[in-house]
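Below: target.txt (compact mmCIF, C-alpha atoms and all ligand atoms)
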# COMPACT_ATOMS: atom_id res chain seq x y z
CA MET H 24 -20.43 -249.28 -31.32
CA LYS H 25 -19.53 -249.57 -27.66
CA ARG H 26 -17.87 -252.78 -26.61
CA ALA H 27 -19.73 -254.76 -24.00
CA ASP H 28 -18.47 -254.03 -20.49
CA LEU H 29 -19.68 -257.26 -19.09
CA VAL H 30 -19.80 -260.74 -20.57
CA ILE H 31 -22.16 -263.35 -19.16
CA VAL H 32 -21.64 -266.91 -20.33
CA GLY H 33 -24.47 -269.43 -20.46
CA ALA H 34 -24.51 -273.19 -20.95
CA ALA H 35 -27.16 -274.95 -22.99
CA ILE H 36 -26.65 -278.31 -21.29
CA LEU H 37 -28.10 -281.06 -23.45
CA SER H 38 -28.86 -284.64 -22.55
CA GLU H 39 -31.05 -287.18 -24.32
CA GLY H 40 -32.58 -284.49 -26.52
CA ARG H 41 -33.48 -282.24 -23.60
CA LEU H 42 -32.25 -278.82 -22.46
CA LEU H 43 -31.50 -278.04 -18.81
CA SER H 44 -33.20 -274.87 -17.60
CA ALA H 45 -32.59 -273.26 -14.21
CA GLN H 46 -34.83 -270.99 -12.17
CA ARG H 47 -33.13 -267.91 -10.70
CA ALA H 48 -33.30 -267.35 -6.97
CA GLU H 49 -32.21 -263.69 -7.03
CA PRO H 50 -32.17 -260.70 -7.39
CA PRO H 51 -35.84 -260.17 -6.48
CA HIS H 52 -36.84 -258.73 -9.88
CA MET H 53 -35.43 -261.79 -11.66
CA ALA H 54 -36.29 -264.46 -9.09
CA GLY H 55 -38.55 -267.10 -10.55
CA GLY H 56 -37.37 -266.45 -14.12
CA TRP H 57 -35.62 -269.24 -16.00
CA GLU H 58 -32.15 -269.05 -17.49
CA LEU H 59 -29.22 -271.03 -18.75
CA PRO H 60 -26.72 -271.90 -16.01
CA GLY H 61 -23.70 -269.62 -16.12
CA GLY H 62 -22.58 -266.22 -14.92
CA LYS H 63 -20.01 -263.48 -15.17
CA VAL H 64 -16.58 -264.00 -16.66
CA ASP H 65 -13.93 -263.03 -14.12
CA PRO H 66 -11.14 -260.62 -15.15
CA GLY H 67 -8.41 -262.55 -16.95
CA GLU H 68 -10.54 -265.66 -17.28
CA SER H 69 -11.50 -267.15 -20.66
CA ASP H 70 -15.19 -267.37 -21.49
CA GLU H 71 -14.96 -271.14 -21.75
CA ASN H 72 -13.22 -271.59 -18.40
CA ALA H 73 -15.73 -269.27 -16.76
CA LEU H 74 -18.61 -271.36 -18.06
CA ILE H 75 -17.07 -274.63 -16.91
CA ARG H 76 -16.39 -273.07 -13.48
CA GLU H 77 -19.92 -271.70 -13.15
CA CYS H 78 -21.49 -275.07 -14.03
CA HIS H 79 -19.41 -276.67 -11.31
CA GLU H 80 -20.24 -273.99 -8.73
CA GLU H 81 -23.95 -273.84 -9.53
CA LEU H 82 -24.77 -277.44 -10.42
CA ASN H 83 -21.91 -279.57 -9.11
CA ILE H 84 -21.24 -281.06 -12.54
CA LYS H 85 -18.31 -281.17 -14.91
CA VAL H 86 -19.23 -280.15 -18.47
CA SER H 87 -17.52 -280.23 -21.80
CA LEU H 88 -18.42 -277.38 -24.15
CA GLN H 89 -19.53 -278.17 -27.69
CA ALA H 90 -20.83 -275.53 -30.10
CA ARG H 91 -21.16 -271.76 -29.78
CA ILE H 92 -24.74 -270.66 -30.39
CA GLY H 93 -24.84 -267.30 -32.14
CA GLY H 94 -22.61 -264.39 -31.22
CA ASP H 95 -23.12 -261.75 -28.56
CA TRP H 96 -26.74 -261.82 -27.42
CA PRO H 97 -27.56 -258.42 -25.89
CA LEU H 98 -28.91 -258.42 -22.34
CA SER H 99 -28.62 -254.64 -21.83
CA ASN H 100 -26.61 -251.71 -23.25
CA THR H 101 -23.54 -252.92 -21.46
CA THR H 102 -23.99 -256.67 -21.08
CA VAL H 103 -23.94 -259.54 -23.54
CA LEU H 104 -24.67 -263.23 -23.19
CA ARG H 105 -22.46 -265.80 -24.95
CA VAL H 106 -23.84 -269.32 -25.18
CA TRP H 107 -22.33 -272.75 -25.78
CA THR H 108 -24.00 -276.11 -25.92
CA ALA H 109 -22.51 -278.48 -23.37
CA LYS H 110 -22.56 -282.12 -22.32
CA ILE H 111 -22.25 -283.44 -18.79
CA ILE H 112 -19.11 -285.50 -18.35
CA GLU H 113 -19.40 -285.99 -14.59
CA GLY H 114 -22.17 -285.72 -12.00
CA GLU H 115 -25.90 -285.07 -11.86
CA PRO H 116 -27.07 -281.42 -11.82
CA GLU H 117 -28.12 -280.14 -8.38
CA PRO H 118 -29.77 -276.74 -7.85
CA LEU H 119 -27.08 -275.40 -5.49
CA GLU H 120 -27.85 -271.75 -6.37
CA HIS H 121 -31.17 -272.00 -8.21
CA LEU H 122 -34.74 -272.47 -7.00
CA ALA H 123 -35.27 -275.41 -9.36
CA LEU H 124 -33.93 -277.20 -12.40
CA ARG H 125 -35.97 -278.63 -15.23
CA TRP H 126 -35.08 -280.70 -18.29
CA LEU H 127 -37.10 -279.55 -21.30
CA THR H 128 -37.93 -281.58 -24.39
CA PRO H 129 -38.34 -279.68 -27.69
CA ALA H 130 -42.10 -279.58 -27.10
CA GLU H 131 -41.58 -278.10 -23.62
CA LEU H 132 -39.01 -275.44 -24.57
CA TYR H 133 -41.41 -272.56 -23.98
CA ASP H 134 -43.13 -274.02 -20.91
CA VAL H 135 -40.89 -272.06 -18.54
CA ASP H 136 -40.82 -268.29 -18.14
CA TRP H 137 -37.43 -267.51 -19.70
CA LEU H 138 -35.67 -264.26 -18.78
CA PRO H 139 -36.38 -261.81 -21.63
CA GLY H 140 -32.79 -261.81 -22.90
CA ASP H 141 -32.82 -265.59 -23.23
CA ARG H 142 -35.85 -265.86 -25.51
CA PRO H 143 -34.00 -265.34 -28.84
CA VAL H 144 -31.34 -267.76 -27.64
CA ILE H 145 -33.95 -270.44 -27.00
CA GLU H 146 -35.26 -269.93 -30.52
CA ALA H 147 -31.75 -270.38 -31.90
CA LEU H 148 -31.35 -273.53 -29.81
CA ALA H 149 -34.62 -274.91 -31.12
CA THR H 150 -33.29 -274.38 -34.65
CA HIS H 151 -29.93 -275.91 -33.71
CA GLY H 152 -31.71 -278.93 -32.26
CA LEU H 153 -31.28 -280.30 -28.74
CA THR H 154 -28.43 -282.64 -29.60
N1 LIG S 1 -26.33 -267.05 -15.89
C1 LIG S 1 -27.21 -266.43 -16.66
N2 LIG S 1 -27.48 -265.11 -16.45
C2 LIG S 1 -28.37 -264.53 -17.25
C3 LIG S 1 -29.03 -265.23 -18.28
N3 LIG S 1 -29.89 -264.38 -18.88
C4 LIG S 1 -29.79 -263.18 -18.27
O1 LIG S 1 -30.41 -262.17 -18.53
N4 LIG S 1 -28.86 -263.28 -17.26
C5 LIG S 1 -28.47 -262.18 -16.38
C6 LIG S 1 -28.88 -262.39 -14.95
C7 LIG S 1 -27.81 -261.62 -14.20
O2 LIG S 1 -28.15 -260.26 -14.20
C8 LIG S 1 -26.58 -261.82 -15.06
C9 LIG S 1 -25.74 -263.00 -14.60
O3 LIG S 1 -25.24 -262.75 -13.37
P1 LIG S 1 -25.07 -263.85 -12.25
O4 LIG S 1 -25.50 -263.23 -10.99
O5 LIG S 1 -25.72 -265.12 -12.67
O6 LIG S 1 -23.51 -264.05 -12.35
P2 LIG S 1 -22.56 -264.71 -11.28
O7 LIG S 1 -23.02 -266.14 -11.08
O8 LIG S 1 -21.18 -264.50 -11.80
O9 LIG S 1 -22.93 -263.92 -10.00
P3 LIG S 1 -22.23 -263.20 -8.81
O10 LIG S 1 -20.88 -263.80 -8.68
O11 LIG S 1 -22.23 -261.74 -9.20
O12 LIG S 1 -23.18 -263.50 -7.70
O13 LIG S 1 -27.06 -262.07 -16.37
C10 LIG S 1 -28.74 -266.60 -18.49
O14 LIG S 1 -29.29 -267.29 -19.36
N5 LIG S 1 -27.82 -267.15 -17.66
Is it possible to express this structure as structure tokens?
Amino acid sequence: MKRADLVIVGAAILSEGRLLSAQRAEPPHMAGGWELPGGKVDPGESDENALIRECHEELNIKVSLQARIGGDWPLSNTTVLRVWTAKIIEGEPEPLEHLALRWLTPAELYDVDWLPGDRPVIEALATHGLT
């Protein structure tokens, strides 16, 4: 099996039993879809540091990572998504690079239009519980 060329890291940020979802602003074919905050791991950077950096750049918060959810979630033939649950240790999330942010309770988990690659992850998170 081919190793993934590109690793995307995503944060399932949890607070008071809710999950933070973020609405993509670009590219045009993904704009409006909802995702977990995160992004590409830079060369030489650890997955964990990339995720902490992305949360700061995108949301202006400091997070601490908790549990890995699953393994490599495929996004395409060459890209995988790796997900950690996270807690906010400083700041209030601001949509610096997203169209909107929304906190979802367990009952609201499927109220947003998740990007296709995220849907199995959201199911795993529902099983994990939003704590
Ligand atoms: N961050 C994030 N990206 C996701 C998720 N699901 C999913 O399919 N993607 C896709 C969207 C993008 O094609 C890619 C992430 O790229 P990005 O553009 O967010 O990464 P980045 O912040 O490092 O961006 P840039 O420096 O290239 O602008 O992964 C998800 O839950 N979170």
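Proximity to Val32 (chain H) was assessed for H:His151, H:His121, H:Lys63, H:Arg91 counting all atoms listed in the file; the smallest distance is recorded for H:Lys63.
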Counting all atoms listed in the file, name the residues that have an atom within 7 Å of an atom of ligand LIG 1 (chain S); the answer should be given as an MDAnalysis selection string.
chainID H and resid 31:33 58:64 77 98 104 138:141
Preceding selection exported with C-alpha atoms as an mmCIF file, in the frame of the given file:
data_model
loop_
_atom_site.group_PDB
_atom_site.id
_atom_site.type_symbol
_atom_site.label_atom_id
_atom_site.label_comp_id
_atom_site.auth_asym_id
_atom_site.auth_seq_id
_atom_site.Cartn_x
_atom_site.Cartn_y
_atom_site.Cartn_z
ATOM 1 C CA ILE H 31 -22.160 -263.350 -19.160
ATOM 2 C CA VAL H 32 -21.640 -266.910 -20.330
ATOM 3 C CA GLY H 33 -24.470 -269.430 -20.460
ATOM 4 C CA GLU H 58 -32.150 -269.050 -17.490
ATOM 5 C CA LEU H 59 -29.220 -271.030 -18.750
ATOM 6 C CA PRO H 60 -26.720 -271.900 -16.010
ATOM 7 C CA GLY H 61 -23.700 -269.620 -16.120
ATOM 8 C CA GLY H 62 -22.580 -266.220 -14.920
ATOM 9 C CA LYS H 63 -20.010 -263.480 -15.170
ATOM 10 C CA VAL H 64 -16.580 -264.000 -16.660
ATOM 11 C CA GLU H 77 -19.920 -271.700 -13.150
ATOM 12 C CA LEU H 98 -28.910 -258.420 -22.340
ATOM 13 C CA LEU H 104 -24.670 -263.230 -23.190
ATOM 14 C CA LEU H 138 -35.670 -264.260 -18.780
ATOM 15 C CA PRO H 139 -36.380 -261.810 -21.630
ATOM 16 C CA GLY H 140 -32.790 -261.810 -22.900
ATOM 17 C CA ASP H 141 -32.820 -265.590 -23.230
#
Sphere at (-42.6, -279.3, -27.0), radius 12 Å, counting all atoms listed in the file: residues as a VMD selection string:
chain H and resid 40 to 42 126 to 135 149 153
Written file, previous selection with C-alpha atoms, as a compact mmCIF listing (two decimals), keeping the file's coordinate frame:
# COMPACT_ATOMS: atom_id res chain seq x y z
CA GLY H 40 -32.58 -284.49 -26.52
CA ARG H 41 -33.48 -282.24 -23.60
CA LEU H 42 -32.25 -278.82 -22.46
CA TRP H 126 -35.08 -280.70 -18.29
CA LEU H 127 -37.10 -279.55 -21.30
CA THR H 128 -37.93 -281.58 -24.39
CA PRO H 129 -38.34 -279.68 -27.69
CA ALA H 130 -42.10 -279.58 -27.10
CA GLU H 131 -41.58 -278.10 -23.62
CA LEU H 132 -39.01 -275.44 -24.57
CA TYR H 133 -41.41 -272.56 -23.98
CA ASP H 134 -43.13 -274.02 -20.91
CA VAL H 135 -40.89 -272.06 -18.54
CA ALA H 149 -34.62 -274.91 -31.12
CA LEU H 153 -31.28 -280.30 -28.74
Kindly give the distance, in Å, that separates CA of Ile92 (chain H) and CA of Val106 (chain H), rounded to a single decimal.
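One can read the CA of Ile92 (chain H) to CA of Val106 (chain H) distance as 5.5 Å.
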If you count only C-alpha atoms, which residues fall within 8 Å of region 66-75 of chain H, apart from same-chain ones fewer than 6 positions away, as an NGL selection string?
:H and (32-34 or 85-88)
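Across H:Pro51, H:Glu120, H:Asn100, H:Arg142, the tightest approach to Cys78 (chain H) is made by H:Glu120 when counting only C-alpha atoms.
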Surrounding residues of Asp136 (chain H) excluding itself and chain neighbours under 4 positions, 9 Å, all atoms listed in the file, as a ChimeraX atom specification:
/H:46,55-58
Work out how far CA of Val103 (chain H) is from CA of His52 (chain H), in Å to one decimal.
18.8 Å
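Put simply, CA of Ala35 (chain H) is 18.8 Å away from CA of Ala48 (chain H).
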Grab all the atoms of region 134-139 of chain H that the file lists, wrap them in a box along x, y and z, add 3 Å per side, and give me centre plus edge lengths in Å (one decimal) as lines of an AutoDock Vina configuration file.
center_x = -39.4
center_y = -267.9
center_z = -19.9
size_x = 13.5
size_y = 18.2
size_z = 9.5
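Take the candidates H:Leu124, H:Trp96, H:Thr102, H:Leu43 and check each one against Val144 (chain H) using only C-alpha atoms; the shortest distance goes to H:Trp96.
If only C-alpha atoms are the atoms counted, then among H:Asp95, H:Glu113, H:Asp65, H:Asp28 the closest residue to Leu82 (chain H) is H:Glu113.
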